[in-house]
$ cat query.txt   # compact mmCIF, C-alpha atoms
# COMPACT_ATOMS: atom_id res chain seq x y z
CA MET G 699 -68.84 -7.70 37.90
CA ASN G 700 -66.51 -10.12 39.70
CA ASN G 701 -64.10 -10.05 36.76
CA ILE G 702 -64.10 -6.25 36.85
CA LYS G 703 -63.32 -6.31 40.57
CA LYS G 704 -60.40 -8.63 39.89
CA LEU G 705 -59.12 -6.30 37.18
CA ILE G 706 -59.33 -3.34 39.56
CA TYR G 707 -57.40 -5.29 42.18
CA ILE G 708 -54.73 -6.13 39.58
CA TYR G 709 -54.61 -2.49 38.52
CA VAL G 710 -54.14 -1.28 42.11
CA ILE G 711 -51.42 -3.88 42.70
CA GLY G 712 -49.71 -2.71 39.50
CA ILE G 713 -49.81 0.89 40.74
CA ILE G 714 -48.25 -0.15 44.05
CA ILE G 715 -45.54 -2.19 42.32
CA GLY G 716 -44.77 0.67 39.93
CA GLU G 717 -44.46 3.13 42.81
CA LEU G 718 -42.21 0.80 44.79
CA LEU G 719 -40.00 0.22 41.76
CA ILE G 720 -39.55 3.96 41.21
CA ILE G 721 -38.83 4.67 44.87
CA SER G 722 -36.26 1.86 44.91
CA GLY G 723 -34.49 3.44 41.93
CA LYS G 724 -35.79 1.18 39.14
CA ILE G 725 -37.18 4.07 37.12
CA TYR G 726 -37.61 2.34 33.76
CA GLU G 727 -39.35 -0.70 35.22
CA GLY G 728 -41.73 1.48 37.19
CA LEU G 729 -42.49 3.60 34.14
CA GLY G 730 -43.25 0.44 32.19
CA MET G 731 -45.79 -0.61 34.81
CA TYR G 732 -47.59 2.72 34.50
CA MET G 733 -47.65 2.62 30.71
CA ILE G 734 -49.04 -0.91 30.78
CA GLY G 735 -51.68 0.27 33.25
CA ILE G 736 -52.76 3.11 30.96
CA LEU G 737 -53.07 0.82 27.94
CA ALA G 738 -54.93 -1.75 30.06
CA ILE G 739 -57.52 0.79 31.21
CA ILE G 740 -57.97 2.10 27.66
CA SER G 741 -58.44 -1.45 26.35
CA ILE G 742 -61.00 -2.29 29.06
CA ILE G 743 -63.00 0.85 28.33
CA ILE G 744 -62.94 0.10 24.59
CA PHE G 745 -63.71 -3.60 24.51
CA ALA G 746 -65.47 -4.46 27.80
CA ASN G 747 -69.21 -4.03 28.12
CA LEU G 748 -69.27 -2.05 31.36
CA SER G 749 -71.87 0.03 33.12
CA LEU G 750 -71.56 3.79 32.86
CA GLU G 751 -70.69 4.08 36.55
CA ILE G 752 -67.74 1.68 36.40
CA THR G 753 -66.55 3.23 33.13
CA ASN G 754 -66.54 6.63 34.82
CA VAL G 755 -64.43 5.34 37.68
CA LEU G 756 -61.95 3.63 35.36
CA GLN G 757 -61.65 6.81 33.36
CA ARG G 758 -60.80 8.74 36.52
CA MET G 759 -58.31 6.12 37.68
CA ILE G 760 -56.32 6.60 34.49
CA LEU G 761 -55.23 10.01 35.82
CA LEU G 762 -52.85 8.39 38.27
CA PRO G 763 -50.44 6.68 35.86
CA VAL G 764 -50.70 9.65 33.47
CA LEU G 765 -49.52 11.90 36.31
CA ARG G 766 -46.49 9.70 36.94
CA VAL G 767 -45.55 9.44 33.26
CA ILE G 768 -45.69 13.23 32.97
CA GLY G 769 -43.68 13.66 36.16
CA LEU G 770 -40.91 11.37 34.94
CA SER G 771 -40.67 12.67 31.37
CA MET G 772 -41.06 16.43 31.89
CA PRO G 773 -37.73 18.20 31.12
CA GLN G 774 -36.13 20.06 34.01
CA PHE G 775 -36.70 23.67 33.05
CA PHE G 776 -36.32 24.81 36.66
CA LYS G 777 -33.89 23.83 39.40
CA ASP G 778 -36.52 24.52 42.05
CA ILE G 779 -38.45 21.26 42.50
CA HIS G 780 -41.54 23.15 43.68
CA ILE G 781 -41.79 25.15 40.43
CA GLN G 782 -41.24 21.95 38.45
CA TYR G 783 -44.12 20.25 40.21
CA ILE G 784 -46.38 23.25 39.61
CA LEU G 785 -45.68 22.78 35.88
CA ILE G 786 -46.45 19.07 36.07
CA TYR G 787 -49.67 19.41 38.01
CA GLY G 788 -50.68 22.36 35.84
CA ILE G 789 -50.67 20.08 32.81
CA MET G 790 -52.83 17.61 34.74
CA LEU G 791 -55.60 20.22 34.87
CA ILE G 792 -56.33 19.38 31.22
CA PRO G 793 -57.34 15.71 31.71
CA MET G 794 -59.13 16.64 34.93
CA TYR G 795 -61.20 19.20 33.02
CA LEU G 796 -61.95 16.67 30.27
CA ILE G 797 -63.19 14.15 32.82
CA MET G 798 -65.36 16.70 34.61
CA LYS G 799 -66.83 17.84 31.30
CA ASN G 800 -67.40 14.35 29.90
CA GLN G 801 -68.87 12.92 33.10
CA GLN G 802 -70.71 16.14 33.97
CA ILE G 803 -69.18 16.23 37.46
CA PRO G 804 -70.33 19.22 39.52
CA TYR G 805 -67.77 21.11 41.55
CA ARG G 806 -69.31 19.81 44.78
CA GLU G 807 -68.90 16.16 43.77
CA PRO G 808 -65.86 15.48 46.04
CA ILE G 809 -67.94 16.47 49.07
CA LYS G 810 -70.75 14.23 47.88
CA ILE G 811 -68.32 11.32 47.44
CA LEU G 812 -66.97 11.83 50.97
CA SER G 813 -70.49 11.74 52.42
CA ILE G 814 -71.19 8.50 50.54
CA LEU G 815 -68.04 6.91 51.92
CA LEU G 816 -68.85 7.97 55.47
CA TYR G 817 -72.52 7.06 55.65
CA SER G 818 -73.11 4.25 53.12
CA PRO G 819 -72.47 0.56 53.81
CA LEU G 820 -69.14 -0.78 52.58
CA SER G 821 -70.85 -3.68 50.79
CA SER G 822 -72.32 -1.29 48.25
CA GLY G 823 -70.77 -1.77 44.82
CA ARG G 824 -70.56 1.96 44.22
CA VAL G 825 -68.84 2.60 47.54
CA TYR G 826 -66.48 -0.32 46.91
CA ILE G 827 -65.32 1.25 43.66
CA TRP G 828 -64.73 4.61 45.34
CA TYR G 829 -62.75 3.02 48.16
CA VAL G 830 -60.43 1.43 45.62
CA PHE G 831 -60.10 4.72 43.77
CA ILE G 832 -59.31 6.74 46.91
CA LEU G 833 -56.88 4.08 48.13
CA THR G 834 -55.01 4.29 44.85
CA THR G 835 -54.94 8.08 45.04
CA ILE G 836 -53.48 7.97 48.56
CA ILE G 837 -50.80 5.53 47.44
CA ILE G 838 -49.73 7.71 44.53
CA MET G 839 -49.77 11.01 46.40
CA ASN G 840 -47.92 9.48 49.34
CA GLY G 841 -45.32 8.17 46.91
CA GLN G 842 -44.95 11.62 45.38
CA PHE G 843 -44.54 13.14 48.84
CA MET G 844 -42.01 10.57 49.97
CA ASN G 845 -39.97 11.02 46.81
CA ILE G 846 -39.60 14.74 47.53
CA ILE G 847 -39.09 14.55 51.29
CA SER G 848 -36.71 11.59 51.46
CA ASN G 849 -34.96 12.56 48.21
CA LYS G 850 -34.71 8.92 47.20
CA MET G 851 -35.54 9.64 43.59
CA THR G 852 -32.80 11.79 42.09
CA ILE G 853 -33.37 11.72 38.33
CA SER G 854 -30.48 12.76 36.13
CA SER G 855 -30.98 14.61 32.85
CA GLU G 856 -29.87 11.47 30.97
CA ILE G 857 -32.64 9.42 32.57
CA ILE G 858 -35.22 12.09 31.77
CA ASN G 859 -34.06 12.17 28.12
CA VAL G 860 -34.42 8.40 27.80
CA ILE G 861 -37.81 8.41 29.51
CA GLY G 862 -38.87 11.24 27.17
CA GLU G 863 -38.06 9.00 24.21
CA PHE G 864 -40.13 6.17 25.70
CA MET G 865 -42.97 8.60 26.35
CA SER G 866 -42.87 9.85 22.76
CA LEU G 867 -43.16 6.28 21.47
CA PHE G 868 -45.96 5.62 23.95
CA LEU G 869 -47.75 8.74 22.72
CA ILE G 870 -47.56 7.48 19.14
CA ILE G 871 -49.17 4.20 20.25
CA ILE G 872 -52.03 6.04 21.97
CA LEU G 873 -52.57 8.33 18.98
CA SER G 874 -52.67 5.28 16.69
CA ILE G 875 -55.57 3.68 18.56
CA PRO G 876 -58.27 5.97 17.06
CA TYR G 877 -57.10 5.12 13.54
CA LEU G 878 -57.37 1.41 14.30
CA ILE G 879 -60.87 1.41 15.80
CA SER G 880 -62.53 4.60 14.50
CA ASP G 881 -64.46 2.65 11.85
CA THR G 882 -65.52 -0.15 14.19
CA LYS G 883 -68.37 -0.61 16.66
CA TYR G 884 -65.99 0.03 19.55
CA TRP G 885 -65.50 3.71 18.74
CA ASN G 886 -67.69 6.17 20.61
CA GLU G 887 -67.53 9.52 22.35
CA TYR G 888 -66.47 7.94 25.64
CA VAL G 889 -63.52 6.15 24.07
CA SER G 890 -62.52 9.32 22.24
CA ASN G 891 -62.59 11.29 25.48
CA THR G 892 -60.53 8.66 27.30
CA ILE G 893 -57.83 8.79 24.65
CA ASP G 894 -57.86 12.60 24.82
CA ILE G 895 -57.35 12.39 28.58
CA CYS G 896 -54.12 10.48 27.96
CA SER G 897 -52.87 12.05 24.74
CA LYS G 898 -53.42 15.79 25.28
CA PRO G 899 -51.24 16.15 28.40
CA LEU G 900 -48.59 13.89 26.86
CA LEU G 901 -48.64 16.05 23.73
CA LEU G 902 -47.82 19.06 25.89
CA VAL G 903 -44.95 17.15 27.47
CA PHE G 904 -43.71 16.21 23.99
CA VAL G 905 -43.77 19.91 23.02
CA ALA G 906 -41.84 20.71 26.22
CA ILE G 907 -39.26 18.06 25.31
CA VAL G 908 -38.80 19.56 21.84
CA ILE G 909 -38.45 23.08 23.28
CA HIS G 910 -35.95 21.82 25.85
CA ARG G 911 -33.86 20.12 23.16
CA ILE G 912 -33.85 23.32 21.10
CA MET G 913 -32.76 25.32 24.15
CA ILE G 914 -29.90 22.89 24.79
CA THR G 915 -28.82 23.02 21.13
CA MET G 916 -28.84 26.83 21.16
CA ASN G 917 -27.15 26.92 24.60
CA ILE G 918 -29.95 29.02 26.04
$ encode --input "query.txt" --output "structure tokens"
Amino acid sequence: MNNIKKLIYIYVIGIIIGELLIISGKIYEGLGMYMIGILAIISIIIFANLSLEITNVLQRMILLPVLRVIGLSMPQFFKDIHIQYILIYGIMLIPMYLIMKNQQIPYREPIKILSILLYSPLSSGRVYIWYVFILTTIIIMNGQFMNIISNKMTISSEIINVIGEFMSLFLIIILSIPYLISDTKYWNEYVSNTIDICSKPLLLVFVAIVIHRIMITMNI
């Protein structure tokens, strides 16, 4: 358990570093941190012998870097940033649904989690995991908000095109994982669902990239 706690600390630190790199203008370095984080979580879920509770939390925490990768690689179909973000967060409904279905999360679970955080002792392992998860969520969402409000992250179309190429390569790596471990003892329904959480939204982004390139070629 102590090793898992250390890994979660490292993961949270990586999220913070990635966010700070992006806000400071180092887009590619920040994107690399998020991609490494996704692969790290996938690898831990596949190879580590974890309890179901911790595995569930790790699976949920993978949403954060996936959100950022989608946000950085999604082509700019709209000039209005608000419409663009609706498109990005709309795609994120897919992995959220997969997690809720796989983990059988009821719709009232967020309220239940809040009550646990308010009334349970902090020393509890379960509460500790949720504190880390919520802290990470706050960091990411605050970073998203600050990027929009302060306008520090102005991404050109050239940067988005390059990031889209990195994302496509990253998608190929994720899609290759099932072929490497599908015939081994490490493959199970939970691993399959985790990979779907990452690959399905990225596949939609890849389709959007292809459509955007076709539109540019046809001068639409």
$ closest_residue --input "query.txt" --among "G:Ile893, G:Ala738, G:Ile907, G:Met913" --to "Pro793 (chain G)" --atoms "all atoms listed in the file"
G:Ile893
$ atom_distance --input "query.txt" --atom1 "CA of Ile714 (chain G)" --atom2 "CA of Met759 (chain G)"
13.5 Å
$ atom_distance --input "query.txt" --atom1 "CA of Met916 (chain G)" --atom2 "CA of Leu902 (chain G)"
21.0 Å
$ closest_residue --input "query.txt" --among "G:Lys883, G:Gly730, G:Ala906, G:Ile895" --to "Met790 (chain G)" --atoms "all atoms listed in the file"
G:Ile895
$ residues_near_point --input "query.txt" --point "(-52.7, 18.0, 31.2)" --cutoff "12 Å" --atoms "all atoms listed in the file" --output "PyMOL selection string"
chain G and resi 761-762+764-769+772+784-797+894-904
$ closest_residue --input "query.txt" --among "G:Ile711, G:Met733, G:Ile739, G:Ser880" --to "Thr892 (chain G)" --atoms "all atoms listed in the file"
G:Ile739
$ atom_distance --input "query.txt" --atom1 "CA of Ile744 (chain G)" --atom2 "CA of Glu727 (chain G)"
25.9 Å
$ residues_near_point --input "query.txt" --point "(-41.3, -1.6, 44.6)" --cutoff "12 Å" --atoms "all atoms listed in the file" --output "list in words"
Ile711, Gly712, Ile713, Ile714, Ile715, Gly716, Glu717, Leu718, Leu719, Ile720, Ile721, Ser722, Gly723, Lys724, Ile725, Glu727, Gly728, Leu729, Met731 and Gly841 of chain G
$ residues_around --input "query.txt" --residues "Gln801 (chain G)" --least-positions-apart "6" --cutoff "12 Å" --atoms "all atoms listed in the file" --output "JSON, numbers by chain"
{"G": [750, 751, 752, 753, 754, 755, 756, 757, 758, 793, 794, 795, 807, 887, 888, 891, 892]}
$ closest_residue --input "query.txt" --among "G:Thr915, G:Thr882, G:Gln802, G:Asn859" --to "Ser771 (chain G)" --atoms "all atoms listed in the file"
G:Asn859
$ closest_residue --input "query.txt" --among "G:Asp881, G:Ile914, G:Lys799, G:Ile872" --to "Ile734 (chain G)" --atoms "all atoms listed in the file"
G:Ile872
$ closest_residue --input "query.txt" --among "G:Lys704, G:Phe868, G:Phe776, G:Phe745" --to "Tyr884 (chain G)" --atoms "only C-alpha atoms"
G:Phe745
$ axis_aligned_box --input "query.txt" --around "region 874-889 of chain G" --padding-each-side "4 Å" --output "lines of an AutoDock Vina configuration file"
center_x = -60.5
center_y = 4.5
center_z = 18.7
size_x = 23.7
size_y = 18.1
size_z = 21.8
